[in-house]
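Participant: Pasting in a structure now, in structure tokens, and then I'll have a few things to ask.
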Amino acid sequence: MLSGKGGAGSDMPGKRKSSVPLWVRIVLVVPLPVIALLIYRAGQNPRQGLFESQALSGLEVSAVLPVGVRLPVYLPQSGFRIADTLQFYTSENLYEKINGRDAAFFRFGFVSLSFASYSGAGDAFVDVYAYRLNRRENALGIYAAERADQRENISVVDAGYRSGGALCFYRGPYYVQVISTESSASVEAGVAEIVDSLCRLIPTPVGPLAALGRFPSAGRVENSDGYFPDNAFGTDFMGEIFTTQYRRGGATLLAFRHQSDSAQAMFERYREFLGQSADPQGTITIDRAPVYRYTDYGEKVWIFVIDDVFAGLTGQIMKDEGEQLIGELAAGIRLDAVEQ
């Protein structure tokens, strides 16, 4: 038997009077409709800029993509259709798709992979790998690292080629591989439709990477650009290096450049590195810049620094051709400094 005041009703909780003054409650409640209205209006006019940065990739903001490309399910012109489902991979499970090669992609800022296998008439299949990298520069880097020596260049922005049964290109922050099982008219039509679809899905860059535009154009090898985010030329201290190739005097030369506040320090470290691992060949002056020359396992290396740009050449460098190309590189650096 329960005891206490109030008899049988004493086990029921009594109503407590709020200790919050009435005027405070009114102040707290009244603004709620106003806040709700502001949130609704903000939702109708989303803030721009969060996913539309052009700082690194220079992409148009009219068609910003999500992290992965949403590949088309059906290609009406060629009749190809996704054989299974669109597969999506991140850094957590990329090894499931390209085990043994995933480390190379991580070096270049891998973000995601969209994969689909398309089937056509008979046993025709076309596989599509669309890799998203974190920067447009890194898309160039992995594209160049995997680029075939024997290739047929194709006209696609930023750059692409065919080699065997593969068609590869990079565009903005994406590196794409389209791999077919056979060569036939229907497969070629399917590949062409896939590439066209991807070029529509991936926004067109507004222009070439600025660093690539600073290389001289004369004698430049088409579709030979590259980028090292780190560990360039066998070192653990050289990074953000852009490269391109030239044909001069019957030889193919690799030109490179790095621009930053650390250019002078990087140059000094590389000069010390070559002094220990290669044979010094003396110094010459070109366009007022001392050029340090070395022979390294049969390859020649010429390096120099002007202001905040560290640059050089590697390959079978002949004296006249080397001096001319270094002069063009140096002139371009000085001109760029004046224009800035």
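Identifiers in the structure tokens: chain A, B, ... in order shown; residue index from 1 per chain; ligand index from 1 in order shown.
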Write down as a list in words the residues of segment 209-275 of chain A whose backbone DSSP state falls under strand (DSSP E or B).
Facilitator: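 Here is the list: Arg220, Gly226, Tyr227, Phe228, Ile241, Phe242, Thr243, Thr244, Gln245, Tyr246, Arg247, Arg248, Ala251, Thr252, Leu253, Leu254, Ala255, Phe256, Arg257, His258 and Gln259 of chain A.
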Participant: Keeping only N, CA and C atoms, take the residues you just selected and write them out as a compact mmCIF listing (two decimals), in the first residue's frame.
Facilitator:
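New file selection_2.txt:
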```
# COMPACT_ATOMS: atom_id res chain seq x y z
N ARG A 220 58.68 20.83 -81.00
CA ARG A 220 58.06 20.11 -79.89
C ARG A 220 57.33 18.87 -80.38
N GLY A 226 54.27 15.83 -69.89
CA GLY A 226 54.20 15.00 -68.69
C GLY A 226 54.28 15.83 -67.43
N TYR A 227 54.10 15.15 -66.30
CA TYR A 227 54.13 15.85 -65.00
C TYR A 227 54.53 14.87 -63.91
N PHE A 228 55.48 15.29 -63.07
CA PHE A 228 55.89 14.52 -61.90
C PHE A 228 55.46 15.29 -60.64
N ILE A 241 57.17 18.92 -61.36
CA ILE A 241 58.00 19.09 -62.55
C ILE A 241 57.16 18.83 -63.80
N PHE A 242 57.08 19.80 -64.70
CA PHE A 242 56.42 19.62 -65.99
C PHE A 242 57.48 19.29 -67.04
N THR A 243 57.12 18.42 -67.97
CA THR A 243 58.06 17.99 -69.00
C THR A 243 57.41 18.01 -70.37
N THR A 244 58.24 18.05 -71.39
CA THR A 244 57.81 17.86 -72.77
C THR A 244 59.02 17.46 -73.58
N GLN A 245 58.79 16.94 -74.78
CA GLN A 245 59.88 16.44 -75.61
C GLN A 245 60.06 17.29 -76.87
N TYR A 246 61.32 17.30 -77.35
CA TYR A 246 61.68 18.00 -78.58
C TYR A 246 62.51 17.06 -79.46
N ARG A 247 62.38 17.27 -80.76
CA ARG A 247 63.27 16.59 -81.70
C ARG A 247 64.21 17.63 -82.28
N ARG A 248 65.47 17.49 -81.94
CA ARG A 248 66.49 18.44 -82.39
C ARG A 248 67.72 17.64 -82.86
N ALA A 251 67.79 13.81 -82.58
CA ALA A 251 67.65 13.23 -81.24
C ALA A 251 66.38 13.74 -80.57
N THR A 252 65.86 12.92 -79.65
CA THR A 252 64.71 13.33 -78.87
C THR A 252 65.19 13.79 -77.50
N LEU A 253 64.89 15.02 -77.15
CA LEU A 253 65.34 15.61 -75.90
C LEU A 253 64.13 15.87 -74.99
N LEU A 254 64.34 15.65 -73.69
CA LEU A 254 63.30 15.93 -72.72
C LEU A 254 63.63 17.25 -72.02
N ALA A 255 62.72 18.20 -72.12
CA ALA A 255 62.87 19.48 -71.41
C ALA A 255 61.97 19.46 -70.19
N PHE A 256 62.44 20.06 -69.10
CA PHE A 256 61.63 20.11 -67.89
C PHE A 256 61.75 21.47 -67.23
N ARG A 257 60.76 21.79 -66.40
CA ARG A 257 60.79 23.05 -65.67
C ARG A 257 59.94 22.93 -64.41
N HIS A 258 60.39 23.68 -63.40
CA HIS A 258 59.68 23.78 -62.13
C HIS A 258 59.69 25.24 -61.73
N GLN A 259 58.55 25.73 -61.30
CA GLN A 259 58.47 27.14 -60.91
C GLN A 259 57.86 27.27 -59.52
```
Participant: When you look at Gly141 of chain A with a cut-off of 12 Å (counting only C-alpha atoms), what residues show up, excluding the ones that are within fewer than 5 positions of it in the same chain? I need them as a ChimeraX atom specification.
Facilitator: /A:104-110,133-136,146-147,169-175,224-230,232,239-244
Participant: Give me the residues near segment 78-93 of chain A as a list in words, where near means some atom within 6 Å (using only C-alpha atoms) and where sequence neighbours in that chain fewer than 6 positions away do not count.
Facilitator: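 After dropping sequence-adjacent residues, the list is Ser112, Leu113, Ser114, Phe115, Ala116, Ser117, Tyr118, Ser119, Gly120, Ala189 and Gly190 of chain A.
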Participant: Atom CA of Glu321 of chain A to atom CA of Gly249 of chain A: how many Å, to one decimal?
Facilitator: 6.5 Å
Participant: Near segment 293-304 of chain A, counting only C-alpha atoms, which residues have an atom at most 7 Å away, once you skip same-chain residues fewer than 6 positions from it, shown as a PyMOL selection string?
Facilitator: chain A and resi 278-283+310-317
Participant: If we count only C-alpha atoms and set the cut-off at 10 Å, which residues sit around Thr285 of chain A, ignoring sequence neighbours fewer than 3 positions away in its own chain? Please answer as a ChimeraX atom specification.
Facilitator: /A:288-292,304,323,327
Participant: Name the closest residue to Asp307 of chain A among the candidates A:Leu329, A:Val156, A:Ala263, A:Val191; distances are taken between atoms, counting only C-alpha atoms.
Facilitator: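 Looking only at the distances to Asp307 of chain A, the closest residue turns out to be A:Ala263.
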Participant: Find the spatial neighbours of Asp196 of chain A, counting only C-alpha atoms, within a cut-off of 12 Å - ignore same-chain residues fewer than 4 positions away - and output them as a list of chain:residue names.
Facilitator: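 Contacts, in chain order: A:Leu71, A:Pro72, A:Leu75, A:Gln77, A:Ser155, A:Val156, A:Val157, A:Val178, A:Ala189, A:Gly190, A:Val191, A:Ala192, A:Arg200, A:Leu201, A:Ile202.
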Participant: Residues within 12 Å of Asp123 of chain A, please, as a list in words. Count only C-alpha atoms; anything in the same chain fewer than 6 positions from it doesn't count.
Facilitator: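 The filter keeps Phe80, Ala83, Ser180, Thr181, Glu182, Ser183, Ser184, Ser186 and Val187 of chain A.
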Participant: From the list A:Gly213, A:Phe125, A:Pro205, A:Asn223, which residue is nearest Ala148 of chain A when using only C-alpha atoms?
Facilitator: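 Using only C-alpha atoms, the shortest distance to Ala148 of chain A belongs to A:Asn223.
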Participant: So, with only C-alpha atoms as the atoms that count, which of A:Met266, A:Gly165, A:Gln276, A:Asn138 lies closest to Leu209 of chain A?
Facilitator: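 With only C-alpha atoms as the atom set, the closest residue is A:Asn138.
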Participant: Figure out the distance between atom CA of Ile326 of chain A and atom CA of Ala210 of chain A, please, to one decimal in Å.
Facilitator: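 Result for atom CA of Ala210 of chain A versus atom CA of Ile326 of chain A: 19.6 Å, one decimal.
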Participant: So that I can check the secondary structure, give me every residue of segment 85-229 of chain A assigned alpha helix (DSSP H) by backbone DSSP, as an MDAnalysis selection string.
Facilitator: chainID A and resid 95:98 102:107 136:146 185:201
Participant: Take the residues from that selection and write them out as an mmCIF file, in the first residue's frame, keeping N, CA and C atoms.
Facilitator:
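Final output, saved to selection-v8.cif:
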```
data_model
loop_
_atom_site.group_PDB
_atom_site.id
_atom_site.type_symbol
_atom_site.label_atom_id
_atom_site.label_comp_id
_atom_site.auth_asym_id
_atom_site.auth_seq_id
_atom_site.Cartn_x
_atom_site.Cartn_y
_atom_site.Cartn_z
ATOM 1 N N TYR A 95 42.109 -1.671 -55.095
ATOM 2 C CA TYR A 95 42.907 -2.880 -55.319
ATOM 3 C C TYR A 95 42.056 -4.030 -55.853
ATOM 4 N N GLU A 96 40.773 -4.016 -55.577
ATOM 5 C CA GLU A 96 39.904 -5.085 -56.072
ATOM 6 C C GLU A 96 39.814 -5.075 -57.600
ATOM 7 N N LYS A 97 40.013 -3.898 -58.202
ATOM 8 C CA LYS A 97 39.879 -3.778 -59.652
ATOM 9 C C LYS A 97 41.223 -3.798 -60.357
ATOM 10 N N ILE A 98 42.225 -3.130 -59.800
ATOM 11 C CA ILE A 98 43.525 -3.035 -60.484
ATOM 12 C C ILE A 98 44.651 -3.380 -59.507
ATOM 13 N N ASP A 102 47.441 -0.054 -58.212
ATOM 14 C CA ASP A 102 46.773 1.004 -57.467
ATOM 15 C C ASP A 102 47.749 1.998 -56.846
ATOM 16 N N ALA A 103 48.941 1.527 -56.457
ATOM 17 C CA ALA A 103 49.913 2.436 -55.836
ATOM 18 C C ALA A 103 50.314 3.555 -56.788
ATOM 19 N N ALA A 104 50.432 3.234 -58.086
ATOM 20 C CA ALA A 104 50.792 4.255 -59.077
ATOM 21 C C ALA A 104 49.729 5.338 -59.147
ATOM 22 N N PHE A 105 48.478 4.965 -59.026
ATOM 23 C CA PHE A 105 47.400 5.952 -59.078
ATOM 24 C C PHE A 105 47.355 6.787 -57.799
ATOM 25 N N PHE A 106 47.649 6.171 -56.667
ATOM 26 C CA PHE A 106 47.659 6.931 -55.416
ATOM 27 C C PHE A 106 48.711 8.030 -55.460
ATOM 28 N N ARG A 107 49.828 7.751 -56.129
ATOM 29 C CA ARG A 107 50.882 8.770 -56.246
ATOM 30 C C ARG A 107 50.354 10.027 -56.929
ATOM 31 N N ARG A 136 44.040 18.443 -62.213
ATOM 32 C CA ARG A 136 44.245 18.273 -63.647
ATOM 33 C C ARG A 136 45.701 17.910 -63.947
ATOM 34 N N GLU A 137 46.644 18.503 -63.201
ATOM 35 C CA GLU A 137 48.057 18.191 -63.385
ATOM 36 C C GLU A 137 48.328 16.712 -63.142
ATOM 37 N N ASN A 138 47.676 16.140 -62.134
ATOM 38 C CA ASN A 138 47.894 14.732 -61.829
ATOM 39 C C ASN A 138 47.256 13.805 -62.861
ATOM 40 N N ALA A 139 46.163 14.253 -63.482
ATOM 41 C CA ALA A 139 45.592 13.468 -64.584
ATOM 42 C C ALA A 139 46.590 13.394 -65.737
ATOM 43 N N LEU A 140 47.247 14.517 -66.036
ATOM 44 C CA LEU A 140 48.316 14.517 -67.030
ATOM 45 C C LEU A 140 49.436 13.576 -66.599
ATOM 46 N N GLY A 141 49.784 13.602 -65.309
ATOM 47 C CA GLY A 141 50.880 12.790 -64.819
ATOM 48 C C GLY A 141 50.655 11.301 -64.992
ATOM 49 N N ILE A 142 49.485 10.793 -64.602
ATOM 50 C CA ILE A 142 49.231 9.348 -64.736
ATOM 51 C C ILE A 142 49.042 8.983 -66.205
ATOM 52 N N TYR A 143 48.445 9.873 -66.979
ATOM 53 C CA TYR A 143 48.310 9.639 -68.428
ATOM 54 C C TYR A 143 49.687 9.484 -69.066
ATOM 55 N N ALA A 144 50.608 10.372 -68.727
ATOM 56 C CA ALA A 144 51.950 10.313 -69.298
ATOM 57 C C ALA A 144 52.713 9.090 -68.806
ATOM 58 N N ALA A 145 52.510 8.723 -67.533
ATOM 59 C CA ALA A 145 53.210 7.564 -66.983
ATOM 60 C C ALA A 145 52.789 6.279 -67.673
ATOM 61 N N GLU A 146 51.538 6.202 -68.141
ATOM 62 C CA GLU A 146 51.040 4.986 -68.779
ATOM 63 C C GLU A 146 50.995 5.092 -70.308
ATOM 64 N N ALA A 185 33.833 -2.957 -87.219
ATOM 65 C CA ALA A 185 33.100 -1.716 -87.459
ATOM 66 C C ALA A 185 32.155 -1.403 -86.299
ATOM 67 N N SER A 186 31.498 -2.441 -85.752
ATOM 68 C CA SER A 186 30.550 -2.203 -84.666
ATOM 69 C C SER A 186 31.268 -1.770 -83.392
ATOM 70 N N VAL A 187 32.435 -2.392 -83.126
ATOM 71 C CA VAL A 187 33.203 -2.011 -81.944
ATOM 72 C C VAL A 187 33.732 -0.586 -82.085
ATOM 73 N N GLU A 188 34.226 -0.257 -83.270
ATOM 74 C CA GLU A 188 34.713 1.100 -83.492
ATOM 75 C C GLU A 188 33.604 2.126 -83.282
ATOM 76 N N ALA A 189 32.391 1.770 -83.715
ATOM 77 C CA ALA A 189 31.254 2.679 -83.514
ATOM 78 C C ALA A 189 30.944 2.827 -82.029
ATOM 79 N N GLY A 190 31.029 1.708 -81.290
ATOM 80 C CA GLY A 190 30.785 1.766 -79.854
ATOM 81 C C GLY A 190 31.828 2.599 -79.127
ATOM 82 N N VAL A 191 33.099 2.412 -79.468
ATOM 83 C CA VAL A 191 34.176 3.185 -78.847
ATOM 84 C C VAL A 191 33.999 4.665 -79.135
ATOM 85 N N ALA A 192 33.683 5.005 -80.387
ATOM 86 C CA ALA A 192 33.489 6.408 -80.757
ATOM 87 C C ALA A 192 32.340 7.029 -79.972
ATOM 88 N N GLU A 193 31.260 6.261 -79.765
ATOM 89 C CA GLU A 193 30.110 6.794 -79.035
ATOM 90 C C GLU A 193 30.436 6.968 -77.549
ATOM 91 N N ILE A 194 31.214 6.031 -76.999
ATOM 92 C CA ILE A 194 31.634 6.154 -75.601
ATOM 93 C C ILE A 194 32.485 7.400 -75.408
ATOM 94 N N VAL A 195 33.478 7.593 -76.272
ATOM 95 C CA VAL A 195 34.358 8.760 -76.158
ATOM 96 C C VAL A 195 33.559 10.046 -76.308
ATOM 97 N N ASP A 196 32.631 10.068 -77.259
ATOM 98 C CA ASP A 196 31.796 11.260 -77.455
ATOM 99 C C ASP A 196 30.957 11.547 -76.213
ATOM 100 N N SER A 197 30.402 10.480 -75.612
ATOM 101 C CA SER A 197 29.584 10.659 -74.412
ATOM 102 C C SER A 197 30.418 11.208 -73.263
ATOM 103 N N LEU A 198 31.633 10.666 -73.093
ATOM 104 C CA LEU A 198 32.490 11.121 -71.995
ATOM 105 C C LEU A 198 32.943 12.560 -72.207
ATOM 106 N N CYS A 199 33.203 12.922 -73.453
ATOM 107 C CA CYS A 199 33.605 14.305 -73.722
ATOM 108 C C CYS A 199 32.460 15.281 -73.465
ATOM 109 N N ARG A 200 31.232 14.789 -73.537
ATOM 110 C CA ARG A 200 30.089 15.637 -73.192
ATOM 111 C C ARG A 200 29.905 15.721 -71.681
ATOM 112 N N LEU A 201 30.208 14.614 -70.991
ATOM 113 C CA LEU A 201 30.024 14.576 -69.545
ATOM 114 C C LEU A 201 31.109 15.343 -68.801
#
```
Participant: Quick one: distance from atom CA of Glu272 of chain A to atom CA of Gly322 of chain A in Å, one decimal?
Facilitator: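 Value for the atom CA of Glu272 of chain A-atom CA of Gly322 of chain A distance: 21.6 Å.
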